[in-house]
Protein chains: 2
Amino acid sequence: MSVIPDFDHLEAFAVRLSQAAADVALPLFRQVGLAEVNKYQDDGFDPVTEADKGAERAIRALIAAHFPDHGIIGEEYGEHNKDAEFVWVLDPIDGTRAFICGLPLWTILIGLRYRGKPVLGLIAQPYLSETYMGSPKGAFLLTPQGRQSLHVRPPRPLKDSILVTTDPYLFQGPEIAAVDALRAHSRLIRYGCDAYGFAMVAAGRLDGAFETGLKSWDIEAVRPVIEAAGGVISDWRGQDIGLYGGQVLASSSRNLQAEALGHLRAAGA
Amino acid sequence: MSVIPDFDHLEAFAVRLSQAAADVALPLFRQVGLAEVNKYQDDGFDPVTEADKGAERAIRALIAAHFPDHGIIGEEYGEHNKDAEFVWVLDPIDGTRAFICGLPLWTILIGLRYRGKPVLGLIAQPYLSETYMGSPKGAFLLTPQGRQSLHVRPPRPLKDSILVTTDPYLFQGPEIAAVDALRAHSRLIRYGCDAYGFAMVAAGRLDGAFETGLKSWDIEAVRPVIEAAGGVISDWRGQDIGLYGGQVLASSSRNLQAEALGHLRAAGA
């Protein structure tokens with residue numbers, strides 16, 4: 001007999017996890033003298049803060065206490081029981097550069113895989129008291145004022161669309177021409193948002209978001225939010241992003257997705 | 001006899017002006033169906049929202065009621081009595097693109113000229129309940145939790161510095177090579193902040209900020225905040241930015257400013 005997961009309970013637990021992470025991270029945001037460590041010293045600037053590690057420890061402790069048979073994949077502390085029926089996929093602070101720059105657009109990303117498929121995701125920005133959630137029960141924004149449904153914005157062609165990405169200089173090789181093509185054919189590309197940009201697509205504020213080099217913990221929490229809000233997400237070839245990330249494009253409609261993918265493919269990215 | 005302006009009173013009035021602007025703008029932030037008008041239809045994308053115009057009208061009405069002999073220069077409604085002893089310089093919504101994208105980094109900019117010199121400035125982000133103020137009385141951040149002093153971060157060389165600008169594709173001609181040089185010689189350039197990036201320099205979160213094509217209302221409110229927080233601001237040739245804007249660089253120290261200016265000059269921008 002197959003048991004349907006209790007998504008009400010799992011949603012509430014995901015929110016509790018994000019609050020535990022926020023309790024660690026928020027007091028460290030904008031603190032002078034924050035310890036920074038370069039994870040990849042020969043590969044540019046990728047700071048890991050005490051906030052990042054402490055937040056992931058707080059999340060892991062709660063999962064271990066309440067769901068000891070669940071697996072965990074986290075950016076900071078690796079994999080545990082990764083083939084379990086339920087696996088939590090964690091980026092305790094997405095946008096560590098934004099965090100270090102004092103910009104309130106970093107997020108806590110918590111995704112849940114059920115039998116190998118991403119089914120629930122949460123994008124939380126605690127300085128803004130915003131939590132964007134997607135699950136089989138729908139997509140919604142939680143704030144201290146309450147809960148509201150999330151819907152992508154009405155479809156429009158690429159030439160009228162605003163897209164978002166984090167850093168134009170993260171793209172390499174044929175990706176550069178591909179992103180140039182998107183810029184040339186869209187209304188505007190906005191920069192500097194990390195996963196918060198995907199939340200803005202789900203909330204109907206932006207038409208699309210794209211990134212490259214994403215890890216599973218960068219995108220698994222995002223996917224259910226986009227899809228439950230009525231949006232589309234795929235890799236740059238239009239394929240399922242699966243469990244790995246890489247080049248990702250999300251948008252508010254199938255037509256816009258197809259149009260943007262056409263430009264990406266034409267440039268050979 | 002020369003009368004020294006009452007800056008306590010003027011600071012409080014500037015905060016009142018920004019609150020009046022916020023009362024108009026904030027309810028329109030993230031509203032679906034927001035009217036957008038392209039101001040420069042043949043010059044790219046520069047939306048002016050109802051929020052922008054309504055906020056400036058609210059500010060102008062308060063100035064007219066309380067200081068009818070003061071001058072006003074505003075982005076939306078032009079100049080009034082611009083050679084007065086006191087002139088308010090207004091950008092009711094700086095970062096209209098951020099506003100339209102649902103990103104809470106747009107700001108209300110209110111500057112005050114006294115006898116032709118910028119003496120007081122305010123950068124407010126009402127969604128975050130943050131007001132960054134600079135005047136002869138110092139630099140501080142006002143939040144619902146109180147008032148705290150602002151200080152730029154300790155000096156460090158460019159190679160260890162994080163700079164911020166809004167959009168890498170706003171730079172043209174020799175500016176492109178100049179900004180490439182800054183990127184090559186700094187630790188990181190962060191994008192997407194408009195005037196909020198300058199506030200982060202004053203708050204010690206970022207080492208520097210640079211922009212091009214600024215108008216007086218984009219920068220006059222910023223300058224007193226940067227300077228009162230201990231920072232340096234000039235044009236890209238190291239000259240006083242005066243009352244006009246254009247190419248602007250701000251940083252946390254004279255040494256960093258000189259190092260960054262050296263790269264800008266070497267590229268002939």
# chains A, B, ... in the order shown; residues from 1 in each chain; ligands from 1
>>> closest_atom_pairs(of="chain A", to="chain B", cutoff="6 Å", atoms="only C-alpha atoms", output="JSON lines")
{"residue": "A:Cys101", "atom": "CA", "partner": "B:Arg205", "partner_atom": "CA", "distance": 5.2}
{"residue": "A:Gly102", "atom": "CA", "partner": "B:Arg205", "partner_atom": "CA", "distance": 5.4}
{"residue": "A:Tyr191", "atom": "CA", "partner": "B:Gly192", "partner_atom": "CA", "distance": 5.1}
{"residue": "A:Gly192", "atom": "CA", "partner": "B:Tyr191", "partner_atom": "CA", "distance": 5.1}
{"residue": "A:Arg205", "atom": "CA", "partner": "B:Cys101", "partner_atom": "CA", "distance": 5.2}
{"residue": "A:Leu206", "atom": "CA", "partner": "B:Cys101", "partner_atom": "CA", "distance": 5.7}
>>> residues_around(residues="Gly230 (chain B)", least_positions_apart="4", cutoff="8 Å", atoms="only C-alpha atoms", output="short mmCIF file (atom, residue, chain, number, x, y, z; two decimals) with N, CA, C and O atoms, in the first residue's frame")
data_model
loop_
_atom_site.label_atom_id
_atom_site.label_comp_id
_atom_site.auth_asym_id
_atom_site.auth_seq_id
_atom_site.Cartn_x
_atom_site.Cartn_y
_atom_site.Cartn_z
N HIS B 151 29.49 54.34 9.30
CA HIS B 151 30.91 54.53 9.02
C HIS B 151 31.29 53.64 7.85
O HIS B 151 30.91 52.46 7.82
N VAL B 152 32.09 54.17 6.94
CA VAL B 152 32.61 53.33 5.87
C VAL B 152 33.50 52.25 6.48
O VAL B 152 33.94 52.35 7.62
N ALA B 202 28.36 53.67 2.43
CA ALA B 202 28.31 54.49 3.64
C ALA B 202 28.15 53.63 4.90
O ALA B 202 28.67 53.96 5.96
N ILE B 226 27.66 59.65 1.90
CA ILE B 226 29.01 59.08 1.73
C ILE B 226 30.03 59.89 2.53
O ILE B 226 30.85 59.33 3.29
N SER B 252 35.54 53.93 0.16
CA SER B 252 35.68 54.02 1.61
C SER B 252 36.94 54.74 2.05
O SER B 252 37.09 55.01 3.24
N SER B 253 37.86 55.03 1.13
CA SER B 253 39.11 55.69 1.55
C SER B 253 39.75 56.44 0.39
O SER B 253 39.50 56.14 -0.78
#
>>> atom_distance(atom1="CA of Leu90 (chain A)", atom2="CA of Gln145 (chain A)")
26.3 Å
>>> residues_around(residues="Ala64 (chain B)", least_positions_apart="6", cutoff="12 Å", atoms="only C-alpha atoms", output="list in words")
Leu17, Arg57, Ala58, His70, Gly71, Ile72, His80, Asn81, Val87 and Trp88 of chain B
>>> select_by_dssp(residues="region 70-262 of chain B", states="strand (DSSP E or B)", output="number ranges by chain")
B: 71-74, 78-80, 86-94, 107-114, 117-125, 130-135, 138-143, 146-149, 162-165, 188-191, 208-214, 232-235, 246-251
>>> atom_distance(atom1="CA of Leu243 (chain A)", atom2="CA of Thr212 (chain A)")
14.5 Å
>>> residues_around(residues="Phe86 (chain B)", least_positions_apart="6", cutoff="10 Å", atoms="only C-alpha atoms", output="ChimeraX atom specification")
/B:5,67,69-72,112-119
>>> write_last_selection(atoms="C-alpha atoms", output="PDB file, in the first residue's frame")
ATOM      1  CA  PRO B   5      20.832  76.550   9.148  1.00  0.00           C
ATOM      2  CA  PHE B  67       9.247  76.419   3.047  1.00  0.00           C
ATOM      3  CA  ASP B  69      10.882  80.255  -0.478  1.00  0.00           C
ATOM      4  CA  HIS B  70      12.918  77.053  -0.990  1.00  0.00           C
ATOM      5  CA  GLY B  71      13.752  75.938  -4.507  1.00  0.00           C
ATOM      6  CA  ILE B  72      13.060  72.476  -5.927  1.00  0.00           C
ATOM      7  CA  LEU B 112      19.336  69.700   0.097  1.00  0.00           C
ATOM      8  CA  ARG B 113      21.578  72.386  -1.382  1.00  0.00           C
ATOM      9  CA  TYR B 114      22.481  75.370   0.781  1.00  0.00           C
ATOM     10  CA  ARG B 115      23.978  78.328  -1.090  1.00  0.00           C
ATOM     11  CA  GLY B 116      24.841  76.122  -4.038  1.00  0.00           C
ATOM     12  CA  LYS B 117      26.420  73.268  -2.094  1.00  0.00           C
ATOM     13  CA  PRO B 118      24.945  69.847  -1.240  1.00  0.00           C
ATOM     14  CA  VAL B 119      24.805  69.747   2.562  1.00  0.00           C
TER      15      VAL B 119
END
>>> residues_around(residues="Ala177 (chain B)", least_positions_apart="6", cutoff="9 Å", atoms="only C-alpha atoms", output="list in words")
Leu264, Ala267, Gly268 and Ala269 of chain B
>>> write_last_selection(atoms="C-alpha atoms", output="mmCIF file, in the first residue's frame")
data_model
loop_
_atom_site.group_PDB
_atom_site.id
_atom_site.type_symbol
_atom_site.label_atom_id
_atom_site.label_comp_id
_atom_site.auth_asym_id
_atom_site.auth_seq_id
_atom_site.Cartn_x
_atom_site.Cartn_y
_atom_site.Cartn_z
ATOM 1 C CA LEU B 264 39.657 54.476 -14.888
ATOM 2 C CA ALA B 267 41.591 53.286 -19.793
ATOM 3 C CA GLY B 268 40.780 56.812 -20.960
ATOM 4 C CA ALA B 269 37.199 56.833 -19.697
#
>>> residues_around(residues="Pro144 (chain A)", least_positions_apart="5", cutoff="10 Å", atoms="only C-alpha atoms", output="number ranges by chain")
A: 128-131
>>> write_last_selection(atoms="N, CA and C atoms", output="mmCIF file, in the first residue's frame")
data_model
loop_
_atom_site.group_PDB
_atom_site.id
_atom_site.type_symbol
_atom_site.label_atom_id
_atom_site.label_comp_id
_atom_site.auth_asym_id
_atom_site.auth_seq_id
_atom_site.Cartn_x
_atom_site.Cartn_y
_atom_site.Cartn_z
ATOM 1 N N LEU A 128 13.594 40.136 5.031
ATOM 2 C CA LEU A 128 12.345 40.662 4.472
ATOM 3 C C LEU A 128 11.112 39.954 5.037
ATOM 4 N N SER A 129 11.326 38.939 5.873
ATOM 5 C CA SER A 129 10.215 38.129 6.413
ATOM 6 C C SER A 129 9.347 37.549 5.300
ATOM 7 N N GLU A 130 10.017 37.066 4.241
ATOM 8 C CA GLU A 130 9.292 36.489 3.104
ATOM 9 C C GLU A 130 9.681 35.020 2.930
ATOM 10 N N THR A 131 8.698 34.163 2.783
ATOM 11 C CA THR A 131 8.946 32.752 2.476
ATOM 12 C C THR A 131 8.086 32.359 1.283
#
>>> select_by_dssp(residues="region 84-258 of chain A", states="alpha helix (DSSP H)", output="ChimeraX atom specification")
/A:96-100,174-185,195-202,216-219,222-228,254-258
>>> closest_residue(among="A:Leu150, A:Ala22, A:Ile59, A:Ala195", to="Ala221 (chain A)", atoms="only C-alpha atoms")
A:Ala195
>>> closest_residue(among="B:Ile73, B:Ala178, B:Ala228, B:Leu158", to="Pro92 (chain B)", atoms="only C-alpha atoms")
B:Ile73
